>>> print(open('input-v2.csv').read())   # CSV, C-alpha atoms (C1' of nucleotides)
chain,number,residue,atom,x,y,z
A,1,MET,CA,-28.1,-4.0,-198.2
A,2,PRO,CA,-25.8,-2.1,-200.5
A,3,GLU,CA,-22.7,-1.4,-198.4
A,4,LEU,CA,-19.5,0.1,-199.7
A,5,PRO,CA,-18.5,-2.9,-201.9
A,6,GLU,CA,-21.9,-3.0,-203.5
A,7,VAL,CA,-21.9,0.7,-204.2
A,8,GLU,CA,-18.4,0.6,-205.6
A,9,THR,CA,-19.4,-2.4,-207.7
A,10,THR,CA,-22.4,-0.4,-209.0
A,11,ARG,CA,-20.1,2.6,-209.7
A,12,ARG,CA,-17.7,0.5,-211.7
A,13,GLY,CA,-20.5,-1.2,-213.6
A,14,VAL,CA,-22.3,2.1,-214.5
A,15,ARG,CA,-19.4,4.4,-215.2
A,16,PRO,CA,-18.4,3.1,-218.6
A,17,HIS,CA,-22.0,3.4,-219.8
A,18,VAL,CA,-22.7,6.9,-218.6
A,19,LYS,CA,-19.4,8.7,-218.6
A,20,GLY,CA,-19.3,11.2,-221.4
A,21,ARG,CA,-23.0,10.6,-222.3
A,22,ARG,CA,-25.4,13.4,-222.7
A,23,VAL,CA,-28.7,13.3,-220.8
A,24,LYS,CA,-31.7,13.4,-223.2
A,25,GLN,CA,-34.6,13.0,-220.7
A,26,VAL,CA,-35.3,12.3,-217.1
A,27,VAL,CA,-38.4,10.4,-216.1
A,28,VAL,CA,-39.5,10.5,-212.5
A,29,ARG,CA,-42.3,8.0,-211.9
A,30,ASP,CA,-42.2,8.2,-208.1
A,31,ALA,CA,-40.5,11.0,-206.4
A,32,ARG,CA,-41.2,9.7,-202.9
A,33,LEU,CA,-37.8,8.5,-201.8
A,34,ARG,CA,-36.3,9.1,-198.4
A,35,TRP,CA,-36.2,12.8,-199.5
A,36,PRO,CA,-38.3,13.8,-202.4
A,37,VAL,CA,-36.6,13.8,-205.8
A,38,PRO,CA,-36.2,17.5,-206.5
A,39,PRO,CA,-38.9,18.7,-209.0
A,40,ASP,CA,-36.3,20.5,-211.0
A,41,LEU,CA,-34.0,17.5,-211.5
A,42,ALA,CA,-34.9,17.1,-215.2
A,43,ARG,CA,-34.3,20.8,-215.8
A,44,ALA,CA,-30.9,20.5,-214.2
A,45,LEU,CA,-29.8,17.4,-216.0
A,46,VAL,CA,-31.3,17.4,-219.5
A,47,GLY,CA,-28.8,18.5,-222.1
A,48,THR,CA,-25.8,18.2,-219.8
A,49,THR,CA,-23.0,15.6,-220.0
A,50,ILE,CA,-22.2,13.2,-217.2
A,51,ASP,CA,-18.5,13.9,-216.8
A,52,GLU,CA,-17.6,11.4,-214.1
A,53,VAL,CA,-19.1,9.0,-211.6
A,54,GLU,CA,-17.5,9.1,-208.2
A,55,ARG,CA,-18.2,7.5,-204.8
A,56,ARG,CA,-18.0,9.0,-201.4
A,57,ALA,CA,-19.0,6.6,-198.6
A,58,LYS,CA,-22.2,4.9,-199.9
A,59,TYR,CA,-23.1,7.9,-202.0
A,60,LEU,CA,-22.7,7.9,-205.8
A,61,LEU,CA,-21.9,11.3,-207.3
A,62,PHE,CA,-22.8,12.0,-211.0
A,63,ARG,CA,-20.8,15.0,-212.0
A,64,THR,CA,-22.0,17.5,-214.6
A,65,ALA,CA,-20.7,20.9,-215.6
A,66,HIS,CA,-23.5,22.6,-213.6
A,67,GLY,CA,-23.9,20.4,-210.6
A,68,THR,CA,-23.9,16.9,-209.1
A,69,ALA,CA,-26.6,14.3,-208.7
A,70,ILE,CA,-26.2,12.5,-205.4
A,71,VAL,CA,-27.6,9.0,-205.2
A,72,HIS,CA,-27.9,6.7,-202.2
A,73,LEU,CA,-29.2,3.2,-202.6
A,74,GLY,CA,-30.6,2.9,-199.1
A,75,MET,CA,-30.9,-0.8,-198.4
A,76,SER,CA,-32.8,-2.1,-201.4
A,77,GLY,CA,-31.8,0.3,-204.2
A,78,SER,CA,-30.0,-0.6,-207.4
A,79,LEU,CA,-28.9,1.2,-210.5
A,80,ARG,CA,-29.0,-0.6,-213.9
A,81,VAL,CA,-28.1,0.4,-217.4
A,82,VAL,CA,-30.7,-1.0,-219.8
A,83,ASP,CA,-31.9,-0.4,-223.4
A,84,ALA,CA,-34.3,2.5,-223.6
A,85,GLY,CA,-37.0,0.2,-224.9
A,86,VAL,CA,-37.1,-2.0,-221.8
A,87,SER,CA,-40.3,-1.3,-219.8
A,88,PRO,CA,-40.0,-0.3,-216.2
A,89,GLU,CA,-41.1,-2.7,-213.5
A,90,LYS,CA,-42.6,-2.0,-210.2
A,91,HIS,CA,-40.3,0.1,-208.0
A,92,ASP,CA,-38.4,1.4,-211.0
A,93,HIS,CA,-38.8,5.0,-209.8
A,94,VAL,CA,-36.4,7.1,-212.0
A,95,ASP,CA,-34.9,6.8,-215.5
A,96,VAL,CA,-32.1,9.0,-216.8
A,97,VAL,CA,-32.3,8.6,-220.6
A,98,LEU,CA,-29.0,8.8,-222.4
A,99,ASP,CA,-28.1,9.9,-225.9
A,100,ASP,CA,-27.0,6.4,-227.1
A,101,GLY,CA,-30.3,4.5,-226.7
A,102,LYS,CA,-29.7,3.4,-223.2
A,103,LEU,CA,-30.9,4.6,-219.8
A,104,LEU,CA,-29.8,4.5,-216.2
A,105,ARG,CA,-32.6,3.1,-214.1
A,106,LEU,CA,-33.0,3.6,-210.4
A,107,ARG,CA,-35.0,0.9,-208.6
A,108,ASP,CA,-35.7,1.0,-204.9
A,109,PRO,CA,-38.5,-1.1,-203.4
A,110,ARG,CA,-38.2,0.2,-199.9
A,111,ARG,CA,-37.5,3.8,-200.9
A,112,PHE,CA,-34.8,4.3,-198.2
A,113,GLY,CA,-32.5,5.7,-200.9
A,114,CYS,CA,-32.4,9.2,-202.4
A,115,LEU,CA,-31.6,11.1,-205.5
A,116,LEU,CA,-30.7,14.7,-204.9
A,117,PHE,CA,-29.0,17.4,-206.9
A,118,THR,CA,-26.6,20.1,-205.8
A,119,ARG,CA,-25.0,23.0,-207.7
A,120,ASN,CA,-22.3,23.3,-205.0
A,121,ASP,CA,-19.4,21.1,-204.1
A,122,PRO,CA,-21.2,17.8,-203.1
A,123,HIS,CA,-18.6,17.3,-200.3
A,124,ASP,CA,-20.1,20.4,-198.6
A,125,HIS,CA,-23.6,18.9,-198.8
A,126,PRO,CA,-25.1,18.4,-195.3
A,127,LEU,CA,-25.3,14.7,-195.9
A,128,LEU,CA,-21.7,14.4,-196.8
A,129,LYS,CA,-19.8,17.1,-194.9
A,130,ASP,CA,-19.5,15.3,-191.6
A,131,LEU,CA,-18.5,11.9,-192.9
A,132,GLY,CA,-15.4,10.2,-191.6
A,133,PRO,CA,-12.5,8.9,-193.7
A,134,GLU,CA,-12.8,6.4,-196.5
A,135,PRO,CA,-11.9,3.0,-195.2
A,136,LEU,CA,-9.6,2.2,-198.1
A,137,SER,CA,-7.7,5.5,-197.8
A,138,ARG,CA,-4.4,6.1,-195.9
A,139,ALA,CA,-6.3,8.4,-193.5
A,140,PHE,CA,-8.0,5.4,-192.0
A,141,ASP,CA,-5.8,3.3,-189.8
A,142,GLY,CA,-5.4,2.0,-186.2
A,143,ALA,CA,-4.1,5.4,-185.0
A,144,HIS,CA,-7.2,7.1,-186.2
A,145,LEU,CA,-9.5,4.7,-184.5
A,146,HIS,CA,-7.4,4.8,-181.3
A,147,ARG,CA,-7.4,8.6,-181.3
A,148,ILE,CA,-11.2,9.0,-181.4
A,149,ALA,CA,-12.0,5.9,-179.2
A,150,ARG,CA,-10.9,7.6,-176.0
A,151,GLY,CA,-13.6,7.6,-173.4
A,152,ARG,CA,-16.1,6.0,-175.7
A,153,THR,CA,-18.4,3.5,-173.9
A,154,ALA,CA,-20.4,2.1,-176.8
A,155,ALA,CA,-19.7,-1.4,-178.2
A,156,VAL,CA,-16.9,-1.4,-180.7
A,157,LYS,CA,-19.2,-2.8,-183.4
A,158,THR,CA,-21.5,0.2,-183.0
A,159,PHE,CA,-18.5,2.5,-183.1
A,160,LEU,CA,-17.2,0.9,-186.3
A,161,MET,CA,-20.6,1.4,-188.0
A,162,ASP,CA,-20.7,5.1,-187.1
A,163,ALA,CA,-20.2,7.0,-190.4
A,164,ALA,CA,-18.4,9.8,-188.4
A,165,VAL,CA,-15.7,7.2,-187.4
A,166,VAL,CA,-15.3,5.6,-190.8
A,167,VAL,CA,-17.7,5.4,-193.7
A,168,GLY,CA,-19.0,2.4,-195.7
A,169,VAL,CA,-18.9,-0.3,-193.0
A,170,GLY,CA,-22.5,-1.7,-192.6
A,171,ASN,CA,-23.6,-4.6,-190.6
A,172,ILE,CA,-22.3,-7.4,-192.8
A,173,TYR,CA,-18.8,-6.1,-193.1
A,174,ALA,CA,-18.6,-4.9,-189.4
A,175,ASN,CA,-19.3,-8.5,-188.3
A,176,GLU,CA,-16.7,-9.9,-190.8
A,177,ALA,CA,-14.0,-7.3,-189.9
A,178,LEU,CA,-14.4,-8.0,-186.2
A,179,TRP,CA,-14.1,-11.7,-186.8
A,180,ARG,CA,-10.9,-11.2,-188.8
A,181,ALA,CA,-9.5,-8.9,-186.1
A,182,ARG,CA,-10.5,-11.4,-183.4
A,183,LEU,CA,-12.4,-8.7,-181.6
A,184,ALA,CA,-15.7,-9.3,-179.8
A,185,PRO,CA,-18.5,-7.0,-181.1
A,186,ARG,CA,-19.6,-6.1,-177.6
A,187,ARG,CA,-16.2,-5.0,-176.3
A,188,ARG,CA,-16.4,-1.4,-175.1
A,189,THR,CA,-14.7,0.9,-177.5
A,190,GLY,CA,-12.6,2.7,-174.9
A,191,ARG,CA,-11.1,-0.6,-173.8
A,192,VAL,CA,-9.7,-1.7,-177.1
A,193,THR,CA,-6.0,-1.6,-177.3
A,194,ARG,CA,-4.0,0.2,-180.0
A,195,ALA,CA,-2.6,-3.1,-181.3
A,196,HIS,CA,-6.2,-4.4,-181.7
A,197,PHE,CA,-7.3,-1.2,-183.5
A,198,ASP,CA,-4.4,-1.7,-185.9
A,199,GLU,CA,-5.6,-5.2,-186.6
A,200,LEU,CA,-9.2,-3.9,-186.9
A,201,ALA,CA,-8.3,-1.2,-189.4
A,202,ARG,CA,-6.3,-3.8,-191.4
A,203,SER,CA,-9.3,-6.2,-191.3
A,204,VAL,CA,-11.7,-3.5,-192.5
A,205,LYS,CA,-9.6,-2.7,-195.5
A,206,GLU,CA,-9.0,-6.3,-196.3
A,207,VAL,CA,-12.6,-7.4,-196.1
A,208,LEU,CA,-13.9,-4.5,-198.1
A,209,ALA,CA,-11.2,-5.0,-200.8
A,210,ASP,CA,-12.0,-8.7,-200.9
A,211,ALA,CA,-15.7,-8.0,-201.3
A,212,ILE,CA,-15.1,-5.5,-204.1
A,213,ALA,CA,-12.9,-8.0,-205.9
A,214,ARG,CA,-15.8,-10.5,-205.7
A,215,GLY,CA,-18.4,-8.0,-206.9
A,216,GLY,CA,-20.0,-7.4,-203.5
A,217,THR,CA,-22.3,-9.6,-201.4
A,218,THR,CA,-25.7,-10.8,-202.8
A,219,LEU,CA,-27.8,-12.0,-199.9
A,220,ARG,CA,-31.2,-11.7,-201.5
A,221,ASP,CA,-31.4,-9.2,-204.3
A,222,PHE,CA,-28.3,-7.2,-204.9
A,223,LEU,CA,-27.4,-7.1,-208.6
A,224,SER,CA,-24.7,-5.0,-210.1
A,225,ALA,CA,-25.3,-2.6,-213.0
A,226,ASP,CA,-25.1,-5.4,-215.6
A,227,GLY,CA,-27.5,-7.7,-213.6
A,228,GLU,CA,-24.8,-10.0,-212.1
A,229,PRO,CA,-25.0,-11.0,-208.4
A,230,GLY,CA,-22.0,-10.5,-206.1
A,231,HIS,CA,-20.1,-13.6,-205.0
A,232,PHE,CA,-18.7,-12.5,-201.6
A,233,ARG,CA,-21.4,-14.4,-199.8
A,234,MET,CA,-19.2,-17.5,-200.3
A,235,ASP,CA,-16.5,-15.8,-198.1
A,236,LEU,CA,-18.6,-14.7,-195.2
A,237,ALA,CA,-17.2,-16.3,-192.0
A,238,VAL,CA,-19.8,-15.3,-189.5
A,239,TYR,CA,-22.6,-13.1,-191.0
A,240,ASP,CA,-25.9,-14.9,-191.1
A,241,ARG,CA,-24.2,-18.1,-190.0
A,242,ALA,CA,-25.6,-18.6,-186.5
A,243,GLY,CA,-24.9,-22.1,-185.2
A,244,LYS,CA,-22.6,-22.9,-188.1
A,245,LEU,CA,-18.9,-23.5,-187.4
A,246,CYS,CA,-16.2,-20.8,-187.1
A,247,PRO,CA,-14.0,-21.4,-190.2
A,248,ARG,CA,-10.9,-20.9,-187.9
A,249,CYS,CA,-11.6,-23.0,-184.8
A,250,ARG,CA,-14.9,-24.9,-185.6
A,251,THR,CA,-16.8,-23.4,-182.6
A,252,PRO,CA,-20.5,-22.6,-183.3
A,253,ILE,CA,-21.1,-19.0,-184.3
A,254,ARG,CA,-23.1,-17.0,-181.8
A,255,THR,CA,-25.7,-14.4,-182.6
A,256,ALA,CA,-27.3,-11.6,-180.5
A,257,ARG,CA,-28.4,-8.0,-180.9
A,258,VAL,CA,-25.7,-5.4,-180.4
A,259,GLY,CA,-26.8,-1.8,-180.7
A,260,GLN,CA,-30.1,-2.9,-182.3
A,261,ARG,CA,-28.3,-4.8,-185.0
A,262,SER,CA,-28.0,-8.6,-185.5
A,263,SER,CA,-24.5,-9.6,-184.7
A,264,PHE,CA,-22.6,-12.7,-185.3
A,265,TRP,CA,-19.3,-13.8,-183.8
A,266,CYS,CA,-17.1,-16.7,-182.7
A,267,PRO,CA,-17.2,-16.9,-178.9
A,268,ARG,CA,-13.9,-18.7,-178.8
A,269,CYS,CA,-11.6,-16.7,-181.1
A,270,GLN,CA,-13.1,-13.2,-180.6
A,271,ALA,CA,-12.3,-11.6,-177.3
B,1,DA,C1',-20.7,15.3,-177.0
B,2,DG,C1',-21.9,10.7,-176.9
B,3,DT,C1',-25.4,7.3,-176.7
B,4,DG,C1',-29.6,5.0,-177.8
B,5,DC,C1',-33.8,4.6,-180.0
B,6,DG,C1',-37.9,5.5,-183.2
B,7,DG,C1',-39.2,5.8,-187.8
B,8,DC,C1',-39.1,5.4,-192.6
B,9,DC,C1',-40.5,1.3,-196.3
B,10,DT,C1',-41.7,-3.2,-198.6
B,11,DG,C1',-40.8,-8.1,-199.5
B,12,DT,C1',-40.0,-12.4,-197.3
B,13,DC,C1',-40.4,-15.7,-194.0
B,14,DC,C1',-42.4,-18.0,-190.1
B,15,DG,C1',-46.0,-19.8,-187.1
B,16,DC,C1',-50.7,-20.6,-186.4
C,1,DT,C1',-53.8,-22.0,-197.8
C,2,DG,C1',-54.3,-17.5,-195.8
C,3,DC,C1',-53.0,-14.1,-192.7
C,4,DG,C1',-50.7,-11.4,-189.2
C,5,DG,C1',-46.5,-10.2,-187.4
C,6,DA,C1',-41.5,-10.1,-187.0
C,7,DC,C1',-37.6,-9.0,-189.3
C,8,DA,C1',-34.2,-7.0,-192.5
C,9,DG,C1',-31.3,-2.5,-192.3
C,10,DG,C1',-28.9,2.7,-193.5
C,11,DC,C1',-29.1,6.5,-191.3
C,12,DC,C1',-31.5,10.8,-190.0
C,13,DG,C1',-33.3,13.2,-186.2
C,14,DC,C1',-34.5,13.5,-181.7
C,15,DA,C1',-34.3,13.0,-176.5
C,16,DC,C1',-31.5,12.3,-172.6
>>> encode(input="input-v2.csv", output="structure tokens")
Amino acid sequence: MPELPEVETTRRGVRPHVKGRRVKQVVVRDARLRWPVPPDLARALVGTTIDEVERRAKYLLFRTAHGTAIVHLGMSGSLRVVDAGVSPEKHDHVDVVLDDGKLLRLRDPRRFGCLLFTRNDPHDHPLLKDLGPEPLSRAFDGAHLHRIARGRTAAVKTFLMDAAVVVGVGNIYANEALWRARLAPRRRTGRVTRAHFDELARSVKEVLADAIARGGTTLRDFLSADGEPGHFRMDLAVYDRAGKLCPRCRTPIRTARVGQRSSFWCPRCQA
DNA sequence: AGTGCGGCCTGTCCGC
DNA sequence: TGCGGACAGGCCGCAC
């Protein structure tokens, strides 16, 4: 469930607590994430200082002098900063103990996330090197979408969720951005006009920025680093609102699978 | 190369 | 009330 706004919210919550802190200890209670937590993680991190916490797509990058820890929250992961005395609960798989009596705790019930370490430039890592532009950067715009859409036959919603096209847009925000752009999710990518792509790029930026400003979307269990839920759920126009009324034209929201994903749209204002 | 699908996981919800 | 099964979904890795 963490999409870009939730990961960015996590980064902003965690950063002030870990930046400049030295790692005292690393406790791996369960290494079986999507890829195993590397056995030498503790050796790599203990004694080093966390210089910065960055985000690329939905990955969090913890920079140290000797390498970078790469964290992905999958769909059920969360990172919290807690006092070192707080006992771990079920699914609290990894603790990074800091030098000020606090620790960074990774929880991930479904274990779709990962925690890796690289001594090289993380942007060259196989998981990151082929990613598309950041949606909130100037590199992402209607021209970019239009350029790579040529000849594509897949549904525009599937296209928008492809990390090689643009990163960070998961199912919730894809549905919302398409609604804001008045574009039907099943429209063939190659048939979308340049003007509509301009509108779509604008909508993606807008919906992500709005969600970040609200601390992300909490549907079930997303909590930020300080334990607060996100409040963007209030602003969802179509996602998870099948049968409810479109906020723009009061037509009931439709739902169907598009590219194996639940999709929601207004049959009247999205064409 | 683009497209589509299976699989990884567990908690939650629904129907019987 | 208990239980099985569907569903949620990011995204890799494979087959076509």
>>> closest_atom_pairs(input="input-v2.csv", of="chain A", to="chain C", cutoff="10 Å", atoms="all atoms listed in the file", output="JSON lines")
{"residue": "A:Met1", "atom": "CA", "partner": "C:DG9", "partner_atom": "C1'", "distance": 6.9}
{"residue": "A:Pro2", "atom": "CA", "partner": "C:DG10", "partner_atom": "C1'", "distance": 9.0}
{"residue": "A:Glu3", "atom": "CA", "partner": "C:DG10", "partner_atom": "C1'", "distance": 8.9}
{"residue": "A:Arg34", "atom": "CA", "partner": "C:DC12", "partner_atom": "C1'", "distance": 9.8}
{"residue": "A:Lys58", "atom": "CA", "partner": "C:DG10", "partner_atom": "C1'", "distance": 9.5}
{"residue": "A:His72", "atom": "CA", "partner": "C:DG10", "partner_atom": "C1'", "distance": 9.6}
{"residue": "A:Leu73", "atom": "CA", "partner": "C:DG10", "partner_atom": "C1'", "distance": 9.1}
{"residue": "A:Gly74", "atom": "CA", "partner": "C:DG10", "partner_atom": "C1'", "distance": 5.9}
{"residue": "A:Met75", "atom": "CA", "partner": "C:DG9", "partner_atom": "C1'", "distance": 6.3}
{"residue": "A:Ser76", "atom": "CA", "partner": "C:DG9", "partner_atom": "C1'", "distance": 9.2}
{"residue": "A:Phe112", "atom": "CA", "partner": "C:DG10", "partner_atom": "C1'", "distance": 7.7}
{"residue": "A:Gly113", "atom": "CA", "partner": "C:DG10", "partner_atom": "C1'", "distance": 8.8}
{"residue": "A:Leu127", "atom": "CA", "partner": "C:DC12", "partner_atom": "C1'", "distance": 9.4}
{"residue": "A:Asp162", "atom": "CA", "partner": "C:DC11", "partner_atom": "C1'", "distance": 9.5}
{"residue": "A:Ala163", "atom": "CA", "partner": "C:DC11", "partner_atom": "C1'", "distance": 9.0}
{"residue": "A:Gly170", "atom": "CA", "partner": "C:DG10", "partner_atom": "C1'", "distance": 7.8}
{"residue": "A:Asn171", "atom": "CA", "partner": "C:DG9", "partner_atom": "C1'", "distance": 8.2}
{"residue": "A:Arg261", "atom": "CA", "partner": "C:DG9", "partner_atom": "C1'", "distance": 8.2}
{"residue": "A:Ser262", "atom": "CA", "partner": "C:DA8", "partner_atom": "C1'", "distance": 9.5}
>>> write_last_selection(input="input-v2.csv", atoms="C-alpha atoms", output="mmCIF file, in the coordinates of the input")
data_model
loop_
_atom_site.group_PDB
_atom_site.id
_atom_site.type_symbol
_atom_site.label_atom_id
_atom_site.label_comp_id
_atom_site.auth_asym_id
_atom_site.auth_seq_id
_atom_site.Cartn_x
_atom_site.Cartn_y
_atom_site.Cartn_z
ATOM 1 C CA MET A 1 -28.100 -4.000 -198.200
ATOM 2 C CA PRO A 2 -25.800 -2.100 -200.500
ATOM 3 C CA GLU A 3 -22.700 -1.400 -198.400
ATOM 4 C CA ARG A 34 -36.300 9.100 -198.400
ATOM 5 C CA LYS A 58 -22.200 4.900 -199.900
ATOM 6 C CA HIS A 72 -27.900 6.700 -202.200
ATOM 7 C CA LEU A 73 -29.200 3.200 -202.600
ATOM 8 C CA GLY A 74 -30.600 2.900 -199.100
ATOM 9 C CA MET A 75 -30.900 -0.800 -198.400
ATOM 10 C CA SER A 76 -32.800 -2.100 -201.400
ATOM 11 C CA PHE A 112 -34.800 4.300 -198.200
ATOM 12 C CA GLY A 113 -32.500 5.700 -200.900
ATOM 13 C CA LEU A 127 -25.300 14.700 -195.900
ATOM 14 C CA ASP A 162 -20.700 5.100 -187.100
ATOM 15 C CA ALA A 163 -20.200 7.000 -190.400
ATOM 16 C CA GLY A 170 -22.500 -1.700 -192.600
ATOM 17 C CA ASN A 171 -23.600 -4.600 -190.600
ATOM 18 C CA ARG A 261 -28.300 -4.800 -185.000
ATOM 19 C CA SER A 262 -28.000 -8.600 -185.500
#
>>> closest_residue(input="input-v2.csv", among="A:Ala256, A:Leu115, A:Leu200, A:Ile148", to="Pro38 of chain A", atoms="all atoms listed in the file")
A:Leu115
>>> closest_residue(input="input-v2.csv", among="A:Asn175, A:Arg191, A:Lys90, A:Ser137", to="chain B", atoms="all atoms listed in the file")
A:Lys90
>>> atom_distance(input="input-v2.csv", atom1="atom CA of Arg188 of chain A", atom2="atom CA of Leu136 of chain A")
24.3 Å
>>> residues_around(input="input-v2.csv", residues="DC9 of chain B", least_positions_apart="5", cutoff="8 Å", atoms="only C-alpha atoms (C1' of nucleotides)", output="list of chain:residue names")
A:Pro109, A:Arg110, A:Arg111, A:Phe112
>>> atom_distance(input="input-v2.csv", atom1="atom CA of Ala154 of chain A", atom2="atom CA of Arg202 of chain A")
21.1 Å
>>> residues_around(input="input-v2.csv", residues="Ala195 of chain A", least_positions_apart="2", cutoff="12 Å", atoms="all atoms listed in the file", output="list in words")
Asp141, Gly142, Ala143, Leu145, His146, Ala181, Arg182, Leu183, Arg191, Val192, Thr193, Phe197, Asp198, Glu199, Leu200, Ala201 and Arg202 of chain A
>>> interface_residues(input="input-v2.csv", of="chain B", to="chain A", cutoff="8 Å", atoms="only C-alpha atoms (C1' of nucleotides)", output="MDAnalysis selection string")
chainID B and resid 2:4 8:10
>>> write_last_selection(input="input-v2.csv", atoms="C-alpha atoms (C1' of nucleotides)", output="CSV table (one decimal), in the coordinates of the input")
chain,number,residue,atom,x,y,z
B,2,DG,C1',-21.9,10.7,-176.9
B,3,DT,C1',-25.4,7.3,-176.7
B,4,DG,C1',-29.6,5.0,-177.8
B,8,DC,C1',-39.1,5.4,-192.6
B,9,DC,C1',-40.5,1.3,-196.3
B,10,DT,C1',-41.7,-3.2,-198.6
>>> atom_distance(input="input-v2.csv", atom1="atom CA of Val18 of chain A", atom2="atom CA of Gly215 of chain A")
19.4 Å
>>> residues_around(input="input-v2.csv", residues="Pro16 of chain A", least_positions_apart="3", cutoff="12 Å", atoms="all atoms listed in the file", output="PDB file with C-alpha atoms, in the coordinates of the input")
ATOM      1  CA  THR A  10     -22.400  -0.400-209.000  1.00  0.00           C
ATOM      2  CA  ARG A  11     -20.100   2.600-209.700  1.00  0.00           C
ATOM      3  CA  ARG A  12     -17.700   0.500-211.700  1.00  0.00           C
ATOM      4  CA  GLY A  13     -20.500  -1.200-213.600  1.00  0.00           C
ATOM      5  CA  LYS A  19     -19.400   8.700-218.600  1.00  0.00           C
ATOM      6  CA  GLY A  20     -19.300  11.200-221.400  1.00  0.00           C
ATOM      7  CA  ARG A  21     -23.000  10.600-222.300  1.00  0.00           C
ATOM      8  CA  ILE A  50     -22.200  13.200-217.200  1.00  0.00           C
ATOM      9  CA  ASP A  51     -18.500  13.900-216.800  1.00  0.00           C
ATOM     10  CA  GLU A  52     -17.600  11.400-214.100  1.00  0.00           C
ATOM     11  CA  VAL A  53     -19.100   9.000-211.600  1.00  0.00           C
ATOM     12  CA  VAL A  81     -28.100   0.400-217.400  1.00  0.00           C
ATOM     13  CA  LEU A 104     -29.800   4.500-216.200  1.00  0.00           C
ATOM     14  CA  ALA A 225     -25.300  -2.600-213.000  1.00  0.00           C
ATOM     15  CA  ASP A 226     -25.100  -5.400-215.600  1.00  0.00           C
TER      16      ASP A 226
END
>>> residues_around(input="input-v2.csv", residues="Val82 of chain A", least_positions_apart="3", cutoff="7 Å", atoms="only C-alpha atoms (C1' of nucleotides)", output="list of chain:residue names")
A:Val86, A:Lys102, A:Leu103, A:Leu104
>>> build_atoms(input="input-v2.csv", residues="segment 193-197 of chain A", atoms="all heavy atoms", output="tab-separated table (two decimals), in the frame of the given file")
chain	number	residue	atom	x	y	z
A	193	THR	N	-7.36	-2.06	-177.31
A	193	THR	CA	-6.00	-1.60	-177.30
A	193	THR	C	-5.56	-1.09	-178.70
A	193	THR	O	-6.20	-1.37	-179.72
A	193	THR	CB	-5.01	-2.81	-177.04
A	193	THR	OG1	-5.15	-3.78	-178.09
A	193	THR	CG2	-5.33	-3.45	-175.70
A	194	ARG	N	-4.48	-0.31	-178.72
A	194	ARG	CA	-4.00	0.20	-180.00
A	194	ARG	C	-3.62	-0.90	-180.96
A	194	ARG	O	-3.92	-0.82	-182.14
A	194	ARG	CB	-2.72	1.09	-179.68
A	194	ARG	CG	-1.93	1.52	-180.89
A	194	ARG	CD	-2.76	2.38	-181.82
A	194	ARG	NE	-2.16	2.40	-183.15
A	194	ARG	CZ	-1.23	3.27	-183.53
A	194	ARG	NH1	-0.84	4.22	-182.70
A	194	ARG	NH2	-0.72	3.21	-184.73
A	195	ALA	N	-3.02	-1.96	-180.42
A	195	ALA	CA	-2.60	-3.10	-181.30
A	195	ALA	C	-3.90	-3.71	-181.94
A	195	ALA	O	-3.90	-4.06	-183.11
A	195	ALA	CB	-1.89	-4.14	-180.50
A	196	HIS	N	-4.96	-3.81	-181.14
A	196	HIS	CA	-6.20	-4.40	-181.70
A	196	HIS	C	-6.85	-3.47	-182.70
A	196	HIS	O	-7.43	-3.92	-183.68
A	196	HIS	CB	-7.15	-4.69	-180.51
A	196	HIS	CG	-7.61	-6.11	-180.50
A	196	HIS	ND1	-7.88	-6.81	-179.34
A	196	HIS	CD2	-7.85	-6.98	-181.51
A	196	HIS	CE1	-8.28	-8.04	-179.65
A	196	HIS	NE2	-8.27	-8.16	-180.96
A	197	PHE	N	-6.74	-2.15	-182.48
A	197	PHE	CA	-7.30	-1.20	-183.50
A	197	PHE	C	-6.47	-1.29	-184.78
A	197	PHE	O	-7.04	-1.16	-185.87
A	197	PHE	CB	-7.24	0.23	-182.94
A	197	PHE	CG	-8.47	0.60	-182.15
A	197	PHE	CD1	-8.36	1.21	-180.90
A	197	PHE	CD2	-9.75	0.35	-182.66
A	197	PHE	CE1	-9.50	1.55	-180.18
A	197	PHE	CE2	-10.88	0.69	-181.94
A	197	PHE	CZ	-10.76	1.29	-180.69
